[in-house]
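Peer 1: Sharing run-v1.pdb, PDB, C-alpha atoms and all ligand atoms:
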```
ATOM      1  CA  MET W   1       1.585 -14.253  18.591
ATOM      2  CA  GLY W   2       4.964 -13.353  17.063
ATOM      3  CA  ALA W   3       5.912 -10.607  14.662
ATOM      4  CA  VAL W   4       4.270 -10.774  11.239
ATOM      5  CA  GLY W   5       5.321  -8.598   8.308
ATOM      6  CA  ARG W   6       4.019  -8.580   4.773
ATOM      7  CA  PHE W   7       4.748  -7.558   1.239
ATOM      8  CA  ALA W   8       1.594  -6.662  -0.649
ATOM      9  CA  PRO W   9       2.409  -5.859  -4.282
ATOM     10  CA  THR W  10      -0.070  -5.027  -7.017
ATOM     11  CA  PRO W  11       0.775  -7.306  -9.952
ATOM     12  CA  SER W  12       0.146  -4.721 -12.658
ATOM     13  CA  GLY W  13       3.562  -4.916 -14.291
ATOM     14  CA  ARG W  14       7.030  -6.356 -13.894
ATOM     15  CA  MET W  15       8.508  -5.644 -10.484
ATOM     16  CA  HIS W  16      10.700  -2.525 -10.554
ATOM     17  CA  LEU W  17      13.301  -1.145  -8.209
ATOM     18  CA  GLY W  18      10.800   0.634  -5.978
ATOM     19  CA  ASN W  19       8.960  -2.664  -5.357
ATOM     20  CA  VAL W  20      12.243  -4.438  -4.732
ATOM     21  CA  PHE W  21      13.121  -1.839  -2.135
ATOM     22  CA  ALA W  22       9.740  -2.148  -0.368
ATOM     23  CA  ALA W  23      10.005  -5.949  -0.400
ATOM     24  CA  LEU W  24      13.576  -5.840   0.901
ATOM     25  CA  MET W  25      12.806  -3.438   3.737
ATOM     26  CA  SER W  26       9.788  -5.338   4.998
ATOM     27  CA  TYR W  27      11.733  -8.605   4.743
ATOM     28  CA  LEU W  28      14.748  -7.200   6.632
ATOM     29  CA  SER W  29      12.677  -5.650   9.364
ATOM     30  CA  ILE W  30      10.682  -8.790  10.100
ATOM     31  CA  LYS W  31      13.566 -11.228   9.666
ATOM     32  CA  SER W  32      15.807  -9.132  11.941
ATOM     33  CA  LYS W  33      13.364 -10.005  14.714
ATOM     34  CA  GLY W  34      12.765 -13.602  13.652
ATOM     35  CA  GLY W  35       9.206 -12.983  12.454
ATOM     36  CA  VAL W  36       7.065 -14.391   9.669
ATOM     37  CA  TRP W  37       7.017 -12.722   6.249
ATOM     38  CA  VAL W  38       3.757 -12.987   4.308
ATOM     39  CA  LEU W  39       3.186 -12.351   0.603
ATOM     40  CA  ARG W  40      -0.176 -11.088  -0.630
ATOM     41  CA  MET W  41      -1.184 -10.172  -4.168
ATOM     42  CA  GLU W  42      -3.249  -6.999  -4.210
ATOM     43  CA  ASP W  43      -5.066  -7.705  -7.453
ATOM     44  CA  LEU W  44      -8.415  -6.039  -6.722
ATOM     45  CA  ASP W  45      -8.270  -4.158  -9.976
ATOM     46  CA  THR W  46      -8.689  -7.053 -12.369
ATOM     47  CA  LEU W  47      -8.375  -4.777 -15.409
ATOM     48  CA  ARG W  48      -4.859  -3.650 -14.469
ATOM     49  CA  THR W  49      -3.478  -6.791 -12.843
ATOM     50  CA  LYS W  50      -2.458 -10.045 -14.518
ATOM     51  CA  GLN W  51      -1.735 -13.555 -13.336
ATOM     52  CA  GLU W  52       1.468 -13.586 -15.359
ATOM     53  CA  TYR W  53       2.771 -10.550 -13.449
ATOM     54  CA  ALA W  54       1.979 -12.279 -10.142
ATOM     55  CA  ASP W  55       3.929 -15.346 -11.327
ATOM     56  CA  LEU W  56       6.878 -13.186 -12.399
ATOM     57  CA  LEU W  57       6.777 -11.358  -9.086
ATOM     58  CA  ARG W  58       7.146 -14.596  -7.142
ATOM     59  CA  GLU W  59       9.962 -15.668  -9.410
ATOM     60  CA  ASP W  60      11.729 -12.312  -9.020
ATOM     61  CA  LEU W  61      11.422 -12.445  -5.223
ATOM     62  CA  LEU W  62      12.960 -15.912  -5.169
ATOM     63  CA  TRP W  63      15.745 -14.754  -7.480
ATOM     64  CA  LEU W  64      16.456 -11.912  -5.037
ATOM     65  CA  GLY W  65      16.624 -14.371  -2.149
ATOM     66  CA  LEU W  66      13.500 -12.934  -0.530
ATOM     67  CA  GLU W  67      11.618 -16.082   0.316
ATOM     68  CA  TRP W  68       8.209 -15.640   1.935
ATOM     69  CA  ASP W  69       6.964 -17.930   4.688
ATOM     70  CA  GLU W  70       3.363 -17.885   3.608
ATOM     71  CA  GLU W  71       1.202 -16.536   0.802
ATOM     72  CA  THR W  72      -2.332 -15.493   1.636
ATOM     73  CA  GLN W  73      -5.269 -15.537  -0.750
ATOM     74  CA  PRO W  74      -5.115 -12.895  -3.493
ATOM     75  CA  GLN W  75      -7.556 -10.045  -2.967
ATOM     76  CA  SER W  76      -9.438 -10.787  -6.192
ATOM     77  CA  ARG W  77     -10.717 -13.983  -4.580
ATOM     78  CA  ARG W  78     -11.867 -12.399  -1.324
ATOM     79  CA  SER W  79     -14.858 -10.276  -2.215
ATOM     80  CA  ARG W  80     -17.139 -12.527  -0.096
ATOM     81  CA  VAL W  81     -14.941 -11.794   2.914
ATOM     82  CA  TYR W  82     -14.983  -8.048   2.215
ATOM     83  CA  ASP W  83     -18.801  -8.245   1.877
ATOM     84  CA  ARG W  84     -18.976  -9.234   5.555
ATOM     85  CA  TYR W  85     -16.989  -6.208   6.683
ATOM     86  CA  PHE W  86     -18.975  -3.951   4.374
ATOM     87  CA  ASP W  87     -22.188  -5.300   5.914
ATOM     88  CA  ALA W  88     -20.783  -4.678   9.384
ATOM     89  CA  LEU W  89     -20.193  -1.015   8.472
ATOM     90  CA  GLN W  90     -23.714  -0.910   7.094
ATOM     91  CA  ASP W  91     -25.051  -2.304  10.392
ATOM     92  CA  MET W  92     -23.122   0.397  12.256
ATOM     93  CA  GLN W  93     -24.971   2.915  10.016
ATOM     94  CA  LEU W  94     -21.702   4.381   8.868
ATOM     95  CA  LEU W  95     -22.165   3.938   5.114
ATOM     96  CA  TYR W  96     -24.000   5.989   2.532
ATOM     97  CA  PRO W  97     -24.289   5.846  -1.248
ATOM     98  CA  CYS W  98     -22.398   8.523  -3.163
ATOM     99  CA  TYR W  99     -23.440   9.544  -6.671
ATOM    100  CA  CYS W 100     -20.740  12.136  -7.321
ATOM    101  CA  THR W 101     -18.981  11.777 -10.657
ATOM    102  CA  ARG W 102     -15.219  11.915 -11.004
ATOM    103  CA  SER W 103     -15.392  15.334 -12.630
ATOM    104  CA  GLN W 104     -17.618  16.703  -9.854
ATOM    105  CA  LEU W 105     -15.042  15.534  -7.340
ATOM    106  CA  HIS W 106     -12.172  17.060  -9.256
ATOM    107  CA  ASN W 107     -13.885  20.406  -9.376
ATOM    108  CA  VAL W 108     -14.154  20.488  -5.615
ATOM    109  CA  ASN W 109     -12.177  23.443  -4.459
ATOM    110  CA  ALA W 110     -10.449  21.677  -1.606
ATOM    111  CA  PRO W 111      -6.889  20.734  -0.692
ATOM    112  CA  HIS W 112      -5.874  17.348  -1.948
ATOM    113  CA  LEU W 113      -3.981  14.566  -0.261
ATOM    114  CA  SER W 114      -0.630  13.181  -1.343
ATOM    115  CA  ASP W 115      -2.362  10.212  -2.989
ATOM    116  CA  GLY W 116      -4.243  12.564  -5.303
ATOM    117  CA  THR W 117      -7.653  12.275  -3.636
ATOM    118  CA  TYR W 118      -9.606  15.316  -2.493
ATOM    119  CA  VAL W 119     -11.088  16.137   0.873
ATOM    120  CA  TYR W 120     -14.631  14.963   0.281
ATOM    121  CA  PRO W 121     -17.030  17.757   1.222
ATOM    122  CA  GLY W 122     -19.853  15.391   2.205
ATOM    123  CA  THR W 123     -22.045  16.190  -0.823
ATOM    124  CA  CYS W 124     -24.049  12.939  -0.674
ATOM    125  CA  ARG W 125     -23.971  12.439   3.100
ATOM    126  CA  ASN W 126     -27.380  13.906   3.802
ATOM    127  CA  LEU W 127     -29.337  13.080   0.667
ATOM    128  CA  THR W 128     -32.920  12.204   1.457
ATOM    129  CA  HIS W 129     -34.379   8.846   0.557
ATOM    130  CA  ALA W 130     -36.295  10.492  -2.304
ATOM    131  CA  GLN W 131     -33.130  12.176  -3.621
ATOM    132  CA  ARG W 132     -31.354   8.831  -3.619
ATOM    133  CA  LEU W 133     -34.182   7.162  -5.493
ATOM    134  CA  ALA W 134     -34.058   9.905  -8.111
ATOM    135  CA  GLN W 135     -30.444   9.105  -9.066
ATOM    136  CA  SER W 136     -29.848   7.125 -12.217
ATOM    137  CA  ARG W 137     -26.251   6.011 -11.716
ATOM    138  CA  GLN W 138     -24.908   3.208  -9.537
ATOM    139  CA  PRO W 139     -23.473   4.652  -6.341
ATOM    140  CA  SER W 140     -20.135   4.076  -4.701
ATOM    141  CA  TYR W 141     -20.293   3.714  -0.902
ATOM    142  CA  ARG W 142     -18.521   6.001   1.538
ATOM    143  CA  VAL W 143     -17.849   5.499   5.206
ATOM    144  CA  MET W 144     -18.489   8.449   7.500
ATOM    145  CA  VAL W 145     -15.402   9.576   9.351
ATOM    146  CA  PRO W 146     -15.250  11.158  12.787
ATOM    147  CA  ASP W 147     -13.910  14.624  13.528
ATOM    148  CA  ARG W 148     -10.955  13.107  15.297
ATOM    149  CA  VAL W 149      -7.199  13.278  15.049
ATOM    150  CA  TYR W 150      -5.430   9.979  14.406
ATOM    151  CA  THR W 151      -1.780   9.878  15.410
ATOM    152  CA  PHE W 152       1.024   7.371  15.199
ATOM    153  CA  THR W 153       4.786   7.318  15.313
ATOM    154  CA  ASP W 154       6.166   5.979  12.071
ATOM    155  CA  LEU W 155       9.440   4.074  12.348
ATOM    156  CA  VAL W 156      10.912   6.175   9.544
ATOM    157  CA  GLN W 157       8.862   9.366   9.249
ATOM    158  CA  GLY W 158       8.326   9.950  12.981
ATOM    159  CA  PHE W 159       5.182  11.512  14.403
ATOM    160  CA  TYR W 160       2.259  11.775  11.997
ATOM    161  CA  GLN W 161      -1.236  13.052  12.549
ATOM    162  CA  GLU W 162      -4.347  13.581  10.554
ATOM    163  CA  ASN W 163      -7.841  14.694  11.344
ATOM    164  CA  LEU W 164      -9.922  12.374   9.211
ATOM    165  CA  SER W 165     -12.797  14.755   8.833
ATOM    166  CA  ALA W 166     -10.763  17.872   7.982
ATOM    167  CA  ASP W 167      -7.913  16.254   6.065
ATOM    168  CA  CYS W 168      -9.665  13.433   4.223
ATOM    169  CA  GLY W 169     -13.441  13.418   4.556
ATOM    170  CA  ASP W 170     -15.759  10.434   4.163
ATOM    171  CA  PHE W 171     -13.964   7.955   1.927
ATOM    172  CA  VAL W 172     -15.060   5.323  -0.581
ATOM    173  CA  VAL W 173     -14.955   1.690   0.555
ATOM    174  CA  ARG W 174     -16.760   0.170  -2.438
ATOM    175  CA  ARG W 175     -16.705   1.513  -5.959
ATOM    176  CA  ALA W 176     -19.804   1.957  -8.106
ATOM    177  CA  ASP W 177     -18.872  -1.200 -10.060
ATOM    178  CA  GLY W 178     -18.969  -3.185  -6.806
ATOM    179  CA  VAL W 179     -15.185  -3.551  -6.439
ATOM    180  CA  TYR W 180     -13.890  -2.972  -2.920
ATOM    181  CA  VAL W 181     -11.218  -0.336  -2.567
ATOM    182  CA  TYR W 182      -7.683  -0.707  -1.302
ATOM    183  CA  GLN W 183      -8.360   0.899   2.113
ATOM    184  CA  LEU W 184     -10.984  -1.661   3.061
ATOM    185  CA  ALA W 185      -9.244  -4.700   1.595
ATOM    186  CA  VAL W 186      -5.835  -3.895   3.060
ATOM    187  CA  THR W 187      -7.303  -3.327   6.533
ATOM    188  CA  VAL W 188      -9.236  -6.595   6.455
ATOM    189  CA  ASP W 189      -6.306  -8.597   5.078
ATOM    190  CA  ASP W 190      -3.678  -7.176   7.416
ATOM    191  CA  GLY W 191      -6.085  -7.620  10.327
ATOM    192  CA  GLU W 192      -7.076 -11.201   9.518
ATOM    193  CA  THR W 193      -3.445 -12.185   8.867
ATOM    194  CA  GLY W 194      -2.385 -10.734  12.227
ATOM    195  CA  VAL W 195       0.150  -8.372  10.621
ATOM    196  CA  THR W 196       2.131  -6.557  13.322
ATOM    197  CA  GLU W 197       4.177  -4.279  11.082
ATOM    198  CA  VAL W 198       3.468  -2.597   7.797
ATOM    199  CA  VAL W 199       6.437  -1.472   5.732
ATOM    200  CA  ARG W 200       5.586   0.333   2.486
ATOM    201  CA  GLY W 201       6.347   3.392   0.379
ATOM    202  CA  MET W 202       6.094   6.892   1.748
ATOM    203  CA  ASP W 203       3.347   7.594  -0.823
ATOM    204  CA  LEU W 204       0.965   5.566   1.366
ATOM    205  CA  LEU W 205       1.662   7.461   4.608
ATOM    206  CA  SER W 206      -1.599   9.412   4.444
ATOM    207  CA  SER W 207      -3.584   6.178   3.983
ATOM    208  CA  SER W 208      -2.674   4.972   7.451
ATOM    209  CA  PRO W 209      -5.172   7.079   9.455
ATOM    210  CA  ARG W 210      -8.003   5.739   7.264
ATOM    211  CA  GLN W 211      -6.807   2.213   7.899
ATOM    212  CA  MET W 212      -6.461   2.905  11.625
ATOM    213  CA  TYR W 213     -10.054   4.088  11.706
ATOM    214  CA  LEU W 214     -11.273   0.920   9.934
ATOM    215  CA  GLN W 215      -9.114  -1.250  12.230
ATOM    216  CA  GLU W 216     -10.843   0.330  15.189
ATOM    217  CA  LEU W 217     -14.293  -0.322  13.725
ATOM    218  CA  PHE W 218     -13.460  -3.947  12.839
ATOM    219  CA  GLY W 219     -11.716  -4.689  16.147
ATOM    220  CA  PHE W 220      -8.192  -5.199  14.741
ATOM    221  CA  SER W 221      -5.034  -3.965  16.443
ATOM    222  CA  THR W 222      -3.032  -1.250  14.736
ATOM    223  CA  PRO W 223       0.316  -2.496  13.403
ATOM    224  CA  THR W 224       3.582  -0.586  13.625
ATOM    225  CA  TYR W 225       4.105   1.536  10.513
ATOM    226  CA  ALA W 226       7.267   2.230   8.559
ATOM    227  CA  HIS W 227       6.869   4.361   5.434
ATOM    228  CA  ILE W 228      10.065   4.172   3.482
ATOM    229  CA  PRO W 229      11.491   6.919   1.273
ATOM    230  CA  MET W 230      10.917   6.894  -2.460
ATOM    231  CA  LEU W 231      13.641   6.021  -4.942
ATOM    232  CA  MET W 232      14.582   8.777  -7.346
ATOM    233  CA  ALA W 233      16.448   8.759 -10.625
ATOM    234  CA  PRO W 234      19.642  10.874 -10.738
ATOM    235  CA  ASP W 235      17.685  13.689 -12.419
ATOM    236  CA  GLY W 236      15.282  13.856  -9.474
ATOM    237  CA  ARG W 237      12.371  11.975 -11.061
ATOM    238  CA  ARG W 238      10.553   9.420  -8.953
ATOM    239  CA  LEU W 239      11.191   5.933 -10.323
ATOM    240  CA  SER W 240       8.069   4.265 -11.562
ATOM    241  CA  LYS W 241       6.786   1.362 -13.548
ATOM    242  CA  ARG W 242       7.424   3.388 -16.663
ATOM    243  CA  ASP W 243      11.161   3.066 -16.122
ATOM    244  CA  ARG W 244      11.482  -0.158 -18.036
ATOM    245  CA  ASP W 245      15.261   0.046 -17.834
ATOM    246  CA  LEU W 246      14.955  -0.496 -14.094
ATOM    247  CA  ASP W 247      12.462  -3.323 -14.076
ATOM    248  CA  MET W 248      13.484  -6.764 -12.978
ATOM    249  CA  GLY W 249      13.847  -8.042 -16.517
ATOM    250  CA  ALA W 250      16.618  -5.516 -17.207
ATOM    251  CA  LEU W 251      18.149  -5.696 -13.727
ATOM    252  CA  ARG W 252      18.375  -9.486 -13.757
ATOM    253  CA  SER W 253      20.202  -9.467 -17.057
ATOM    254  CA  ARG W 254      22.868  -7.094 -15.730
ATOM    255  CA  LEU W 255      23.345  -7.843 -12.046
ATOM    256  CA  LYS W 256      23.590 -10.731  -9.653
ATOM    257  CA  PRO W 257      20.961 -10.640  -6.899
ATOM    258  CA  GLU W 258      23.466  -9.880  -4.155
ATOM    259  CA  GLN W 259      24.951  -7.023  -6.188
ATOM    260  CA  LEU W 260      21.529  -5.466  -6.570
ATOM    261  CA  ILE W 261      20.756  -5.851  -2.862
ATOM    262  CA  GLY W 262      24.176  -4.368  -2.008
ATOM    263  CA  ILE W 263      23.583  -1.287  -4.183
ATOM    264  CA  LEU W 264      20.107  -0.701  -2.771
ATOM    265  CA  ALA W 265      21.208  -1.200   0.830
ATOM    266  CA  HIS W 266      24.068   1.250   0.409
ATOM    267  CA  ALA W 267      21.923   3.881  -1.340
ATOM    268  CA  ALA W 268      19.423   3.578   1.522
ATOM    269  CA  GLY W 269      22.142   4.172   4.119
ATOM    270  CA  LEU W 270      22.047   0.646   5.571
ATOM    271  CA  THR W 271      25.637  -0.281   4.715
ATOM    272  CA  ASP W 272      28.931   1.606   4.407
ATOM    273  CA  THR W 273      29.846   0.219   1.007
ATOM    274  CA  GLY W 274      27.822  -0.968  -1.971
ATOM    275  CA  ASP W 275      29.404  -4.427  -1.854
ATOM    276  CA  ALA W 276      27.309  -7.443  -2.728
ATOM    277  CA  ILE W 277      25.392  -8.832   0.250
ATOM    278  CA  SER W 278      22.620 -11.369   0.725
ATOM    279  CA  PRO W 279      19.275 -10.466   2.320
ATOM    280  CA  ALA W 280      19.970 -12.942   5.137
ATOM    281  CA  GLU W 281      23.329 -11.310   5.941
ATOM    282  CA  LEU W 282      21.774  -7.871   5.776
ATOM    283  CA  ALA W 283      18.986  -8.904   8.166
ATOM    284  CA  GLY W 284      21.700  -9.657  10.737
ATOM    285  CA  ILE W 285      22.874  -6.031  10.760
ATOM    286  CA  PHE W 286      19.591  -4.306   9.934
ATOM    287  CA  ASP W 287      18.790  -1.154  11.886
ATOM    288  CA  TRP W 288      15.886   1.202  11.088
ATOM    289  CA  ASN W 289      17.894   4.112  12.492
ATOM    290  CA  ARG W 290      20.348   3.899   9.605
ATOM    291  CA  LEU W 291      17.734   4.232   6.884
ATOM    292  CA  SER W 292      17.626   7.522   5.002
ATOM    293  CA  ARG W 293      14.534   9.543   5.887
ATOM    294  CA  THR W 294      14.481  11.484   2.662
ATOM    295  CA  ASP W 295      14.132  10.425  -0.970
ATOM    296  CA  ILE W 296      16.927   8.156  -2.116
ATOM    297  CA  VAL W 297      18.716   9.170  -5.297
ATOM    298  CA  LEU W 298      20.134   6.225  -7.176
ATOM    299  CA  ASN W 299      23.375   7.325  -8.782
ATOM    300  CA  GLN W 300      25.086   4.015  -8.581
ATOM    301  CA  ILE W 301      22.577   2.150 -10.711
ATOM    302  CA  SER W 302      23.105   4.550 -13.578
ATOM    303  CA  ASP W 303      26.872   4.165 -13.152
ATOM    304  CA  ILE W 304      26.535   0.429 -13.603
ATOM    305  CA  PHE W 305      24.429   0.586 -16.770
TER     306      PHE W 305
HETATM  307  N1  LIG P   1      -0.491  -2.822  -3.147
HETATM  308  C1  LIG P   1       0.171  -1.588  -2.827
HETATM  309  C2  LIG P   1       1.212  -1.271  -3.868
HETATM  310  O1  LIG P   1       1.671  -2.155  -4.562
HETATM  311  C3  LIG P   1       0.855  -1.620  -1.470
HETATM  312  C4  LIG P   1      -0.106  -1.594  -0.380
HETATM  313  C5  LIG P   1       0.464  -1.653   1.011
HETATM  314  O2  LIG P   1       1.626  -2.051   1.202
HETATM  315  O3  LIG P   1      -0.292  -1.321   1.928
HETATM  316  O4  LIG P   1       1.586  -0.124  -3.984
END
```
Could you take the file, read its structure, and then write that structure out as structure tokens?
Ligand code: GLU

Peer 2:
Amino acid sequence: MGAVGRFAPTPSGRMHLGNVFAALMSYLSIKSKGGVWVLRMEDLDTLRTKQEYADLLREDLLWLGLEWDEETQPQSRRSRVYDRYFDALQDMQLLYPCYCTRSQLHNVNAPHLSDGTYVYPGTCRNLTHAQRLAQSRQPSYRVMVPDRVYTFTDLVQGFYQENLSADCGDFVVRRADGVYVYQLAVTVDDGETGVTEVVRGMDLLSSSPRQMYLQELFGFSTPTYAHIPMLMAPDGRRLSKRDRDLDMGALRSRLKPEQLIGILAHAAGLTDTGDAISPAELAGIFDWNRLSRTDIVLNQISDIF
């Protein structure tokens, strides 16, 4: 099977520059090797995500010239599929119900990961049957992790390692309201789609060992990882969905798609000038080694506006 890349946005708002950058990088990487680029809507959180954002996202990608080869089923429609993998973990006796409240977890005096979660101390791991029956709230479900170091060499960040037990702890795979969490859904979807490379923001680097562990349990191969630097405003703030001035609505009214791609590519170190360029042209000269490894400060965008 050939190379398969994917872009997996969460349609919880209009696409902003950070999403454009992630889409562009995964597109360039896979197209530079003639692979297939898959689009997947990560709309597990039905309260935050909206169909209209998913529609706008597709339209914005096409405007940018980033045409996907295939779109897989949105995550909100796949809970039956995730049930099967959840049951498999249950059969492996790796799951347990967790009754901890959010505030209990926040009070845990433990180091926390870059994604804001805490090392789970295993509070509910060894509850007795009677203790479980005595609980009044609906539990989330956690998967037990091994005391093992997971390592990989990221195409951008280099060598990365994490001991799942010491650095993360048992993690939630299904929330108390029955919704499956990102780690489980993304592993199942990437695995079933045959994704060979995952390109995404640096903020998800520490998620990879959890996904590698689930891949191992489900019998999927581990893809190549590339965690790309974050985009920063000139004052050093990380760009986010709150920066409405940099969402696609504003960008499309001020720039042509190839100008926007040219500015991003230059800021990321991929080209020598910020001249307009199409994604297809850029794929022809794409080289991971040129990409900046550190946060990318976008001065040029502010110059244009
Ligand atoms: N859905 C995630 C996001 O929009 C990306 C997940 C991934 O690429 O693994 O941030």

Peer 1: Residues at most 10 Å from Gln73 in chain W, counting all atoms listed in the file, excluding those fewer than 6 positions away in the same chain, as a PyMOL selection string?

Peer 2: chain W and resi 39-42+189

Peer 1: Please measure the separation of CA of Gly269 in chain W and CA of Pro209 in chain W, giving the value in Å to one decimal.

Peer 2: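 One can read the CA of Gly269 in chain W to CA of Pro209 in chain W distance as 28.0 Å.
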
Peer 1: Fewer than 3 positions away in the same chain doesn't count, so skip those; otherwise give me all residues within 8 Å of range 91-104 of chain W, counting all atoms listed in the file, as a tab-separated table (two decimals) with C-alpha atoms, in the coordinates of the input.

Peer 2:
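Once everything was written out, this is out-v7.tsv:
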```tsv
chain	number	residue	atom	x	y	z
W	87	ASP	CA	-22.19	-5.30	5.91
W	88	ALA	CA	-20.78	-4.68	9.38
W	107	ASN	CA	-13.88	20.41	-9.38
W	108	VAL	CA	-14.15	20.49	-5.62
W	123	THR	CA	-22.04	16.19	-0.82
W	124	CYS	CA	-24.05	12.94	-0.67
W	125	ARG	CA	-23.97	12.44	3.10
W	135	GLN	CA	-30.44	9.10	-9.07
W	137	ARG	CA	-26.25	6.01	-11.72
W	138	GLN	CA	-24.91	3.21	-9.54
W	139	PRO	CA	-23.47	4.65	-6.34
W	140	SER	CA	-20.14	4.08	-4.70
W	141	TYR	CA	-20.29	3.71	-0.90
W	142	ARG	CA	-18.52	6.00	1.54
W	143	VAL	CA	-17.85	5.50	5.21
W	144	MET	CA	-18.49	8.45	7.50
```

Peer 1: Around ligand LIG 1 (chain P), at most 9 Å away and counting all atoms listed in the file, which residues are there? Put them as a list of chain:residue names, please.

Peer 2: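 The neighbouring residues of ligand LIG 1 (chain P) are, in order, W:Arg6, W:Phe7, W:Ala8, W:Pro9, W:Thr10, W:Pro11, W:Ser12, W:Asn19, W:Ala22, W:Arg40, W:Met41, W:Glu42, W:Asp43, W:Tyr182, W:Gln183, W:Val186, W:Thr187, W:Asp190, W:Val198, W:Val199, W:Arg200, W:Gly201, W:Asp203, W:Leu204, W:Ser207, W:Ser208.
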
Peer 1: Expand the PyMOL selection byres (((chain W and resi 282) around 10) and not hetatm) into the explicit residue set it covers here, and present it as a ChimeraX atom specification.

Peer 2: /W:24,28,31-32,261-262,265,270-271,277-281,283-287

Peer 1: Which residues fall under the PyMOL selection byres (((chain W and resi 206) around 12) and not hetatm) in this file, as a ChimeraX atom specification?

Peer 2: /W:112-117,150-152,154,157,160-164,167-168,183,200-205,207-212,225,227

Peer 1: Report, in Å with one decimal, the straight-line distance from CA of Lys256 in chain W to CA of Pro229 in chain W.

Peer 2: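 Between CA of Lys256 in chain W and CA of Pro229 in chain W the gap is 24.0 Å.
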
Peer 1: For the file shown, what are the residues hit by the PyMOL selection byres (((chain W and resi 234) around 7) and not hetatm), laid out as a compact mmCIF listing (two decimals) with C-alpha atoms, keeping the file's coordinate frame?

Peer 2:
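Output file selection_25.txt is given in full below:
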```txt
# COMPACT_ATOMS: atom_id res chain seq x y z
CA MET W 232 14.58 8.78 -7.35
CA ALA W 233 16.45 8.76 -10.62
CA ASP W 235 17.68 13.69 -12.42
CA GLY W 236 15.28 13.86 -9.47
CA VAL W 297 18.72 9.17 -5.30
CA LEU W 298 20.13 6.22 -7.18
CA ASN W 299 23.38 7.32 -8.78
```

Peer 1: What is the CA of Met230 in chain W-CA of Asp295 in chain W distance in Å, reported with one decimal?

Peer 2: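 The value is 5.0 Å.
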
Peer 1: Pick out the closest residue to Glu52 in chain W from this set: W:Met15, W:Val38, W:Leu66, W:Leu217. Count all atoms listed in the file.

Peer 2: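 Nearest candidate to Glu52 in chain W out of W:Met15, W:Val38, W:Leu66, W:Leu217: W:Met15.
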
Peer 1: Which of these, W:Ala23, W:Ala166, W:Val4, W:Val179, has the shortest distance to Asp60 in chain W once you count all atoms listed in the file?

Peer 2: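 Result for the nearest residue to Asp60 in chain W: W:Ala23.
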
Peer 1: Give the answer as one residue: which of W:Val173, W:Ser79, W:His106, W:Leu255 has the shortest atom-to-atom distance to Leu214 in chain W, using only C-alpha atoms?

Peer 2: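 Going through W:Val173, W:Ser79, W:His106, W:Leu255 one by one, the smallest distance to Leu214 in chain W is for W:Val173.
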